[in-house]
>>> print(open('data.txt').read())   # compact mmCIF, C-alpha atoms
# COMPACT_ATOMS: atom_id res chain seq x y z
CA MET W 1196 3.60 24.94 -30.39
CA THR W 1197 1.56 23.62 -33.34
CA ASP W 1198 -1.22 21.05 -32.96
CA ASP W 1199 0.92 18.35 -34.66
CA ALA W 1200 3.95 18.98 -32.45
CA PRO W 1201 4.49 16.43 -29.64
CA LEU W 1202 3.84 17.49 -26.07
CA LEU W 1203 6.80 15.40 -24.91
CA GLU W 1204 9.76 14.23 -26.99
CA LEU W 1205 12.73 12.06 -26.00
CA LYS W 1206 15.79 12.14 -28.26
CA GLY W 1207 18.40 9.41 -27.84
CA LEU W 1208 17.87 9.24 -24.07
CA GLU W 1209 20.49 7.28 -22.12
CA LYS W 1210 21.09 6.56 -18.44
CA ARG W 1211 24.05 4.76 -16.92
CA PHE W 1212 24.59 4.02 -13.23
CA GLU W 1213 28.14 3.61 -11.97
CA LEU W 1214 28.76 0.39 -10.07
CA ASP W 1215 32.33 1.08 -8.99
CA GLN W 1216 32.68 4.32 -7.04
CA GLY W 1217 35.99 4.29 -5.15
CA PHE W 1218 39.54 3.70 -6.38
CA LEU W 1219 39.79 0.23 -4.83
CA GLU W 1220 36.52 -0.88 -6.41
CA THR W 1221 37.83 0.00 -9.88
CA LEU W 1222 41.11 -1.89 -9.34
CA LYS W 1223 41.05 -5.34 -11.00
CA PHE W 1224 43.70 -8.04 -11.46
CA ARG W 1225 43.89 -8.96 -15.15
CA GLY W 1226 46.66 -10.89 -16.94
CA GLY W 1227 49.04 -10.82 -14.04
CA LYS W 1228 48.77 -7.10 -13.40
CA PHE W 1229 46.44 -4.57 -11.83
CA VAL W 1230 44.26 -2.47 -14.12
CA ARG W 1231 41.54 0.10 -13.51
CA GLU W 1232 38.15 -0.98 -14.76
CA LYS W 1233 34.91 0.96 -14.24
CA ARG W 1234 31.58 -0.81 -14.70
CA ASP W 1235 28.25 0.81 -15.48
CA VAL W 1236 24.67 -0.41 -15.52
CA HIS W 1237 23.26 0.63 -18.91
CA ALA W 1238 19.64 1.14 -17.85
CA VAL W 1239 18.39 3.22 -20.81
CA ASN W 1240 20.07 3.07 -24.20
CA GLY W 1241 19.09 5.58 -26.86
CA VAL W 1242 15.32 5.80 -26.27
CA SER W 1243 13.51 8.14 -28.66
CA LEU W 1244 9.76 8.65 -28.15
CA GLN W 1245 7.05 11.22 -28.84
CA VAL W 1246 3.84 11.74 -26.87
CA LYS W 1247 1.15 13.89 -28.46
CA ARG W 1248 -1.29 15.93 -26.42
CA GLY W 1249 -4.27 13.86 -25.31
CA ASP W 1250 -2.58 10.50 -25.94
CA ALA W 1251 -1.83 7.72 -23.46
CA LEU W 1252 1.54 6.17 -24.30
CA CYS W 1253 2.06 2.85 -22.51
CA VAL W 1254 5.63 1.66 -21.99
CA VAL W 1255 5.84 -2.11 -21.48
CA GLY W 1256 8.52 -4.73 -20.98
CA GLU W 1257 10.01 -7.16 -18.48
CA SER W 1258 11.21 -6.11 -15.04
CA GLY W 1259 14.57 -4.37 -15.34
CA CYS W 1260 14.09 -3.21 -18.93
CA GLY W 1261 14.32 0.48 -17.98
CA LYS W 1262 10.64 1.49 -17.85
CA SER W 1263 10.74 3.19 -14.45
CA THR W 1264 14.11 4.77 -15.21
CA VAL W 1265 12.60 6.45 -18.29
CA ALA W 1266 9.74 7.73 -16.13
CA ARG W 1267 12.10 9.16 -13.52
CA LEU W 1268 14.26 10.80 -16.19
CA ILE W 1269 11.21 12.57 -17.64
CA ALA W 1270 10.04 13.64 -14.18
CA GLY W 1271 13.47 15.11 -13.41
CA LEU W 1272 14.17 12.71 -10.55
CA LEU W 1273 17.22 11.41 -12.46
CA THR W 1274 19.67 13.20 -14.76
CA PRO W 1275 20.24 11.68 -18.23
CA SER W 1276 23.73 10.47 -19.12
CA ALA W 1277 23.07 11.47 -22.74
CA GLY W 1278 20.21 12.56 -24.97
CA GLU W 1279 17.56 15.25 -24.63
CA ILE W 1280 14.06 15.67 -23.16
CA HIS W 1281 11.79 18.27 -24.74
CA TYR W 1282 8.46 19.43 -23.34
CA GLU W 1283 6.24 21.70 -25.46
CA GLY W 1284 9.22 22.23 -27.75
CA THR W 1285 11.55 23.36 -24.93
CA ARG W 1286 14.47 21.28 -23.72
CA ILE W 1287 14.08 20.61 -19.99
CA ASP W 1288 16.77 18.08 -19.02
CA ASP W 1289 19.51 20.74 -18.88
CA LYS W 1290 17.59 23.26 -16.78
CA SER W 1291 18.09 24.03 -13.09
CA ARG W 1292 15.51 23.25 -10.40
CA ARG W 1293 14.47 26.91 -10.31
CA GLU W 1294 14.01 27.02 -14.09
CA LEU W 1295 11.95 23.83 -13.96
CA MET W 1296 9.54 25.18 -11.35
CA PRO W 1297 6.81 26.25 -13.83
CA MET W 1298 7.13 22.84 -15.50
CA ARG W 1299 6.53 20.93 -12.25
CA LYS W 1300 2.97 22.18 -12.14
CA LYS W 1301 2.28 20.92 -15.65
CA MET W 1302 3.91 17.52 -15.12
CA GLN W 1303 3.01 15.25 -12.19
CA MET W 1304 3.88 11.67 -11.26
CA ILE W 1305 1.90 8.83 -9.68
CA PHE W 1306 4.13 6.24 -8.04
CA GLN W 1307 3.79 2.48 -7.92
CA ASN W 1308 3.46 1.80 -4.19
CA PRO W 1309 0.49 3.57 -2.55
CA TYR W 1310 1.81 2.54 0.87
CA ALA W 1311 5.11 4.40 0.38
CA SER W 1312 4.07 7.43 -1.69
CA LEU W 1313 2.18 9.17 1.13
CA ASN W 1314 3.89 10.61 4.20
CA PRO W 1315 2.61 8.60 7.22
CA ARG W 1316 3.13 11.62 9.53
CA MET W 1317 0.90 13.91 7.48
CA THR W 1318 -2.88 13.85 7.28
CA ILE W 1319 -4.47 13.53 3.87
CA LYS W 1320 -5.42 17.19 4.06
CA GLN W 1321 -1.81 18.21 4.66
CA SER W 1322 -0.54 15.94 1.86
CA LEU W 1323 -3.00 17.36 -0.66
CA GLU W 1324 -2.74 20.99 0.39
CA GLU W 1325 1.07 21.07 0.29
CA PRO W 1326 1.47 21.07 -3.55
CA VAL W 1327 -1.40 23.56 -3.95
CA ARG W 1328 0.18 26.05 -1.53
CA TYR W 1329 3.59 25.54 -3.11
CA HIS W 1330 2.53 26.09 -6.72
CA SER W 1331 -0.30 28.59 -6.07
CA PRO W 1332 0.80 30.77 -3.12
CA SER W 1333 -1.77 33.44 -4.01
CA LEU W 1334 -4.73 31.23 -3.05
CA THR W 1335 -6.40 31.87 0.29
CA ARG W 1336 -6.77 29.18 2.94
CA GLY W 1337 -10.45 28.72 2.08
CA GLU W 1338 -9.70 28.42 -1.64
CA VAL W 1339 -7.04 25.77 -1.00
CA GLU W 1340 -9.41 23.74 1.20
CA ALA W 1341 -12.18 24.02 -1.38
CA LYS W 1342 -9.86 22.86 -4.17
CA VAL W 1343 -8.65 19.87 -2.15
CA ALA W 1344 -12.23 18.89 -1.25
CA ASP W 1345 -13.28 19.14 -4.90
CA VAL W 1346 -10.42 16.95 -6.10
CA MET W 1347 -11.06 14.36 -3.38
CA GLN W 1348 -14.70 14.24 -4.44
CA SER W 1349 -13.68 13.75 -8.08
CA VAL W 1350 -11.58 10.65 -7.28
CA GLY W 1351 -14.25 9.08 -5.09
CA VAL W 1352 -12.80 9.85 -1.64
CA ASP W 1353 -15.09 11.47 0.92
CA PRO W 1354 -13.73 14.98 1.70
CA THR W 1355 -14.76 14.54 5.33
CA TRP W 1356 -11.94 11.98 5.63
CA MET W 1357 -9.19 14.52 4.91
CA GLY W 1358 -8.28 14.70 8.61
CA ARG W 1359 -7.28 11.03 8.63
CA TYR W 1360 -3.79 9.54 8.21
CA PRO W 1361 -2.68 7.20 5.38
CA HIS W 1362 -2.67 4.07 7.57
CA GLU W 1363 -6.45 4.46 8.00
CA PHE W 1364 -7.05 3.81 4.29
CA SER W 1365 -6.88 0.70 2.09
CA GLY W 1366 -4.41 0.37 -0.79
CA GLY W 1367 -7.01 1.34 -3.38
CA GLN W 1368 -8.08 4.40 -1.38
CA ARG W 1369 -4.45 5.46 -0.94
CA GLN W 1370 -3.84 5.25 -4.68
CA ARG W 1371 -6.95 7.36 -5.29
CA ILE W 1372 -5.52 9.91 -2.85
CA ALA W 1373 -2.17 9.78 -4.70
CA ILE W 1374 -4.03 10.49 -7.95
CA ALA W 1375 -5.87 13.34 -6.22
CA ARG W 1376 -2.55 14.81 -5.08
CA ALA W 1377 -1.31 14.81 -8.68
CA LEU W 1378 -4.52 16.49 -9.87
CA THR W 1379 -4.59 19.27 -7.25
CA VAL W 1380 -2.21 21.46 -9.28
CA ASP W 1381 -4.20 21.00 -12.52
CA PRO W 1382 -1.46 19.26 -14.55
CA GLU W 1383 -1.64 18.48 -18.25
CA PHE W 1384 0.78 15.55 -18.30
CA ILE W 1385 0.75 12.59 -15.88
CA ILE W 1386 3.57 10.04 -15.51
CA ALA W 1387 2.07 6.89 -13.98
CA ASP W 1388 4.69 4.34 -12.91
CA GLU W 1389 2.79 1.04 -12.56
CA PRO W 1390 0.08 2.70 -10.46
CA ILE W 1391 -2.12 -0.40 -10.14
CA SER W 1392 0.40 -3.26 -9.79
CA ALA W 1393 0.18 -3.28 -5.97
CA LEU W 1394 -3.63 -3.40 -5.94
CA ASP W 1395 -6.20 -6.20 -6.04
CA VAL W 1396 -7.59 -6.98 -9.49
CA SER W 1397 -11.07 -5.64 -8.66
CA ILE W 1398 -9.55 -2.38 -7.40
CA GLN W 1399 -7.27 -2.12 -10.45
CA ALA W 1400 -10.28 -1.72 -12.74
CA GLN W 1401 -11.71 1.05 -10.54
CA VAL W 1402 -8.43 3.00 -10.50
CA LEU W 1403 -7.97 2.57 -14.26
CA ASN W 1404 -11.48 3.84 -14.96
CA LEU W 1405 -10.85 6.76 -12.62
CA MET W 1406 -7.71 7.69 -14.56
CA LEU W 1407 -9.58 7.42 -17.87
CA GLU W 1408 -12.35 9.66 -16.55
CA ALA W 1409 -9.78 12.22 -15.42
CA LYS W 1410 -8.21 12.04 -18.88
CA GLU W 1411 -11.49 12.89 -20.58
CA GLU W 1412 -12.65 15.52 -18.10
CA ARG W 1413 -9.32 17.33 -17.70
CA GLY W 1414 -7.75 16.72 -21.11
CA LEU W 1415 -4.79 14.86 -19.61
CA THR W 1416 -1.90 13.22 -21.44
CA TYR W 1417 -0.42 10.04 -19.93
CA LEU W 1418 2.88 8.20 -19.96
CA PHE W 1419 1.75 4.91 -18.43
CA ILE W 1420 4.41 2.44 -17.27
CA THR W 1421 3.16 -1.14 -16.90
CA HIS W 1422 4.00 -4.80 -17.48
CA ASP W 1423 0.36 -5.86 -17.79
CA LEU W 1424 -0.57 -5.99 -21.48
CA SER W 1425 -4.27 -6.47 -20.76
CA VAL W 1426 -4.19 -3.05 -19.09
CA VAL W 1427 -2.45 -1.59 -22.13
CA GLN W 1428 -5.21 -2.78 -24.45
CA HIS W 1429 -7.81 -1.06 -22.26
CA PHE W 1430 -5.93 2.14 -21.47
CA GLY W 1431 -3.33 3.05 -24.10
CA THR W 1432 -3.52 4.81 -27.43
CA GLN W 1433 0.13 3.99 -28.25
CA VAL W 1434 2.53 1.32 -27.00
CA ALA W 1435 6.34 1.31 -26.74
CA VAL W 1436 7.97 -2.08 -26.07
CA LEU W 1437 11.29 -1.89 -24.21
CA TYR W 1438 13.97 -4.56 -23.95
CA LEU W 1439 17.25 -3.88 -22.11
CA GLY W 1440 16.62 -0.13 -22.29
CA VAL W 1441 16.00 -0.14 -26.06
CA VAL W 1442 12.71 0.48 -27.89
CA CYS W 1443 11.98 -2.68 -29.92
CA GLU W 1444 8.61 -1.65 -31.29
CA LEU W 1445 6.46 1.49 -31.20
CA SER W 1446 2.92 1.41 -32.53
CA ASP W 1447 -0.64 2.44 -31.87
CA THR W 1448 -2.42 0.00 -29.56
CA ALA W 1449 -4.81 -1.55 -32.09
CA THR W 1450 -2.03 -2.22 -34.61
CA LEU W 1451 0.29 -3.73 -32.01
CA PHE W 1452 -2.29 -6.20 -30.71
CA GLU W 1453 -3.58 -7.07 -34.17
CA ASN W 1454 -0.21 -7.42 -35.91
CA PRO W 1455 2.87 -7.51 -33.63
CA LYS W 1456 6.11 -7.60 -35.60
CA HIS W 1457 9.16 -7.75 -33.34
CA PRO W 1458 9.84 -11.30 -32.04
CA TYR W 1459 9.95 -10.01 -28.47
CA THR W 1460 6.56 -8.29 -28.88
CA LYS W 1461 5.12 -11.52 -30.31
CA ALA W 1462 6.37 -13.43 -27.27
CA LEU W 1463 4.91 -10.87 -24.85
CA LEU W 1464 1.48 -10.90 -26.50
CA SER W 1465 1.40 -14.69 -26.70
CA ALA W 1466 1.59 -14.77 -22.89
CA VAL W 1467 -1.63 -12.75 -22.47
CA PRO W 1468 -4.56 -15.08 -21.59
CA GLN W 1469 -7.12 -15.19 -24.40
CA LEU W 1470 -10.63 -16.67 -24.59
CA SER W 1471 -10.53 -17.18 -28.36
CA ASP W 1472 -8.69 -20.06 -30.06
CA ASP W 1473 -7.45 -18.10 -33.08
CA ARG W 1474 -4.50 -16.63 -31.18
CA PRO W 1475 -1.05 -18.23 -31.63
CA SER W 1476 0.15 -20.59 -28.92
CA HIS W 1477 2.44 -19.36 -26.17
CA ILE W 1478 5.95 -18.55 -27.41
CA ARG W 1479 8.52 -19.79 -24.92
CA LEU W 1480 11.69 -17.73 -25.10
CA LYS W 1481 14.97 -19.58 -24.64
CA GLY W 1482 18.28 -18.32 -23.36
CA GLU W 1483 19.12 -15.85 -20.62
CA ILE W 1484 18.50 -12.10 -20.48
CA PRO W 1485 21.90 -10.39 -20.93
CA THR W 1486 23.14 -8.31 -18.05
CA PRO W 1487 22.78 -4.52 -18.48
CA ILE W 1488 26.35 -4.23 -17.18
CA ASN W 1489 27.84 -5.92 -20.27
CA LEU W 1490 25.41 -5.35 -23.11
CA PRO W 1491 25.83 -7.64 -26.14
CA GLN W 1492 27.24 -6.23 -29.35
CA GLY W 1493 24.57 -5.85 -32.01
CA CYS W 1494 20.90 -6.56 -31.24
CA PRO W 1495 20.16 -6.76 -27.50
CA PHE W 1496 17.59 -9.54 -28.14
CA GLN W 1497 19.98 -11.80 -30.07
CA SER W 1498 20.51 -14.36 -27.27
CA ARG W 1499 16.78 -15.21 -27.12
CA CYS W 1500 15.68 -14.74 -30.74
CA VAL W 1501 14.92 -17.75 -32.97
CA SER W 1502 15.56 -15.71 -36.14
CA VAL W 1503 19.04 -14.50 -35.22
CA ASN W 1504 21.83 -14.44 -37.81
CA SER W 1505 25.37 -13.07 -38.10
CA ARG W 1506 24.18 -9.51 -38.76
CA CYS W 1507 22.23 -9.51 -35.50
CA MET W 1508 25.47 -10.34 -33.67
CA THR W 1509 27.33 -7.27 -34.92
CA ASP W 1510 24.93 -4.51 -36.03
CA VAL W 1511 22.48 -2.66 -33.79
CA PRO W 1512 19.06 -2.59 -35.54
CA ARG W 1513 17.58 0.83 -36.28
CA PRO W 1514 13.86 1.60 -35.87
CA LEU W 1515 12.27 1.51 -39.33
CA MET W 1516 8.77 2.62 -40.29
CA GLN W 1517 6.46 -0.20 -41.41
CA PRO W 1518 3.57 0.13 -43.91
CA ASP W 1519 1.01 0.25 -41.06
CA GLY W 1520 2.88 3.04 -39.24
CA ALA W 1521 4.66 0.92 -36.63
CA LEU W 1522 8.33 1.53 -35.83
CA VAL W 1523 10.28 -1.73 -35.47
CA ALA W 1524 13.98 -2.22 -34.68
CA CYS W 1525 14.69 -5.72 -36.00
CA HIS W 1526 16.97 -7.01 -38.77
CA ALA W 1527 14.72 -10.04 -39.34
CA VAL W 1528 11.68 -7.81 -39.91
CA GLU W 1529 13.70 -5.52 -42.17
CA GLU W 1530 14.93 -8.46 -44.29
CA GLY W 1531 11.58 -10.28 -44.28
CA ARG W 1532 13.00 -13.48 -42.76
CA LEU W 1533 11.11 -13.50 -39.46
CA THR W 1534 9.75 -16.95 -38.68
CA SER W 1535 6.15 -17.08 -37.44
>>> encode(input="data.txt", output="structure tokens")
Amino acid sequence: MTDDAPLLELKGLEKRFELDQGFLETLKFRGGKFVREKRDVHAVNGVSLQVKRGDALCVVGESGCGKSTVARLIAGLLTPSAGEIHYEGTRIDDKSRRELMPMRKKMQMIFQNPYASLNPRMTIKQSLEEPVRYHSPSLTRGEVEAKVADVMQSVGVDPTWMGRYPHEFSGGQRQRIAIARALTVDPEFIIADEPISALDVSIQAQVLNLMLEAKEERGLTYLFITHDLSVVQHFGTQVAVLYLGVVCELSDTATLFENPKHPYTKALLSAVPQLSDDRPSHIRLKGEIPTPINLPQGCPFQSRCVSVNSRCMTDVPRPLMQPDGALVACHAVEEGRLTS
């Protein structure tokens, strides 16, 4: 793989969840007769992204926009309905669990809830040693213990506590342990699904700084899922804005915060508290978020956009490259009619 090639690439990724499973659930009464009708939740709809080695791509959007589903698709916890996932130039979404085994060591995931991600029946030592023994069976018992102690030390957890159980730790300490568990197998790519949202604000900064230090020391690449744009500005090198499972805007962090283009991105950034007075006032979106069961024809943001026209109602906007390098999927931006 060349230096310019992406470490991770998503091509037209889609994920649908069936709502109606049995025969009776699909049977509906329409127009005086019974018809079969299957409904799906369209969680991810044609997402295409690239993550270069050493970058931290932040995926942002409202709750239910498909952020966590994208993370679980990449991690192999869900199977895509369509599209492809490539890692180091190799397609991985169509491989078996046995074929993916070498990839598991390279790619690790940090989950959102530190209280649920650790097994309450296992000591911290057991939780951290398990992935090491699984992926590196040739290591001796002493080498495994030394590796676990070293990783615990690196995340700021006293190795002498490894005999304790998860309930003996605070939320911030548990999330540090979850990060340590991901680092024990020496990965190169970390998927972090809102890893700080369940923590106090003061602890959030500590965990973020810890992840940044690990990035620099270990040469990690991140896919960081979050809804907190202030975190994005501190942590990310690139930002992808999702709405109803569609990428609205993709840009490097500095460009996105300095010059947002998509109307949804503008609304999101206007909600971030600012100390300066030169920022635009809060943009209050009107209308309701469409249901992912029955997606609107055309642009998914049409029901809440102030610059909507007839084309937005019928045609799905394609991501187009802007002069500053941002990718924006918006007819109003393309036609230069976006109101400020």
>>> closest_atom_pairs(input="data.txt", of="range 1245-1329 of chain W", to="range 1379-1394 of chain W", cutoff="7 Å", atoms="only C-alpha atoms", output="JSON lines")
{"residue": "W:Ser1263", "atom": "CA", "partner": "W:Asp1388", "partner_atom": "CA", "distance": 6.3}
{"residue": "W:Ala1266", "atom": "CA", "partner": "W:Ile1386", "partner_atom": "CA", "distance": 6.6}
{"residue": "W:Lys1300", "atom": "CA", "partner": "W:Pro1382", "partner_atom": "CA", "distance": 5.8}
{"residue": "W:Lys1301", "atom": "CA", "partner": "W:Pro1382", "partner_atom": "CA", "distance": 4.2}
{"residue": "W:Met1302", "atom": "CA", "partner": "W:Phe1384", "partner_atom": "CA", "distance": 4.9}
{"residue": "W:Gln1303", "atom": "CA", "partner": "W:Ile1385", "partner_atom": "CA", "distance": 5.1}
{"residue": "W:Met1304", "atom": "CA", "partner": "W:Ile1386", "partner_atom": "CA", "distance": 4.6}
{"residue": "W:Ile1305", "atom": "CA", "partner": "W:Ala1387", "partner_atom": "CA", "distance": 4.7}
{"residue": "W:Phe1306", "atom": "CA", "partner": "W:Asp1388", "partner_atom": "CA", "distance": 5.3}
{"residue": "W:Gln1307", "atom": "CA", "partner": "W:Pro1390", "partner_atom": "CA", "distance": 4.5}
{"residue": "W:Asn1308", "atom": "CA", "partner": "W:Ala1393", "partner_atom": "CA", "distance": 6.3}
{"residue": "W:Pro1326", "atom": "CA", "partner": "W:Val1380", "partner_atom": "CA", "distance": 6.8}
{"residue": "W:Val1327", "atom": "CA", "partner": "W:Val1380", "partner_atom": "CA", "distance": 5.8}
>>> axis_aligned_box(input="data.txt", around="range 1352-1361 of chain W", padding_each_side="3 Å", output="lines of an AutoDock Vina configuration file")
center_x = -8.9
center_y = 11.1
center_z = 3.5
size_x = 18.4
size_y = 13.8
size_z = 16.3
>>> closest_residue(input="data.txt", among="W:Pro1518, W:Gly1261, W:Pro1512, W:Pro1309", to="Pro1487 in chain W", atoms="all atoms listed in the file")
W:Gly1261
>>> residues_around(input="data.txt", residues="range 1513-1517 of chain W", least_positions_apart="3", cutoff="9 Å", atoms="all atoms listed in the file", output="list in words")
Val1442, Cys1443, Glu1444, Leu1445, Gly1520, Ala1521, Leu1522, Val1523, Ala1524, Cys1525, His1526 and Glu1529 of chain W
>>> atom_distance(input="data.txt", atom1="CA of Ala1200 in chain W", atom2="CA of His1281 in chain W")
11.0 Å
>>> closest_residue(input="data.txt", among="W:Gly1351, W:Gly1358, W:Gly1366, W:Gly1249", to="Asn1404 in chain W", atoms="only C-alpha atoms")
W:Gly1351
>>> atom_distance(input="data.txt", atom1="CA of Glu1209 in chain W", atom2="CA of Ser1276 in chain W")
5.4 Å
>>> residues_around(input="data.txt", residues="range 1499-1505 of chain W", least_positions_apart="6", cutoff="6 Å", atoms="only C-alpha atoms", output="tab-separated table (two decimals) with C-alpha atoms, keeping the file's coordinate frame")
chain	number	residue	atom	x	y	z
W	1481	LYS	CA	14.97	-19.58	-24.64
W	1482	GLY	CA	18.28	-18.32	-23.36
W	1533	LEU	CA	11.11	-13.50	-39.46
>>> closest_residue(input="data.txt", among="W:Gln1368, W:Thr1416, W:Gln1428, W:Ser1446", to="Val1402 in chain W", atoms="only C-alpha atoms")
W:Gln1368
>>> atom_distance(input="data.txt", atom1="CA of Gly1226 in chain W", atom2="CA of Pro1495 in chain W")
28.8 Å
>>> closest_residue(input="data.txt", among="W:Arg1479, W:Arg1286, W:His1362, W:Lys1223", to="Lys1461 in chain W", atoms="only C-alpha atoms")
W:Arg1479
>>> residues_around(input="data.txt", residues="Phe1212 in chain W", least_positions_apart="5", cutoff="12 Å", atoms="only C-alpha atoms", output="list in words")
Lys1233, Arg1234, Asp1235, Val1236, His1237, Ala1238, Val1239, Asn1240, Gly1261, Thr1264, Leu1273, Thr1274, Pro1275, Ser1276, Pro1487 and Ile1488 of chain W
>>> closest_residue(input="data.txt", among="W:Leu1313, W:Leu1202, W:Val1343, W:Leu1334", to="Gly1284 in chain W", atoms="all atoms listed in the file")
W:Leu1202
>>> closest_residue(input="data.txt", among="W:Cys1260, W:Gly1414, W:Ala1277, W:Gln1348", to="Leu1208 in chain W", atoms="only C-alpha atoms")
W:Ala1277
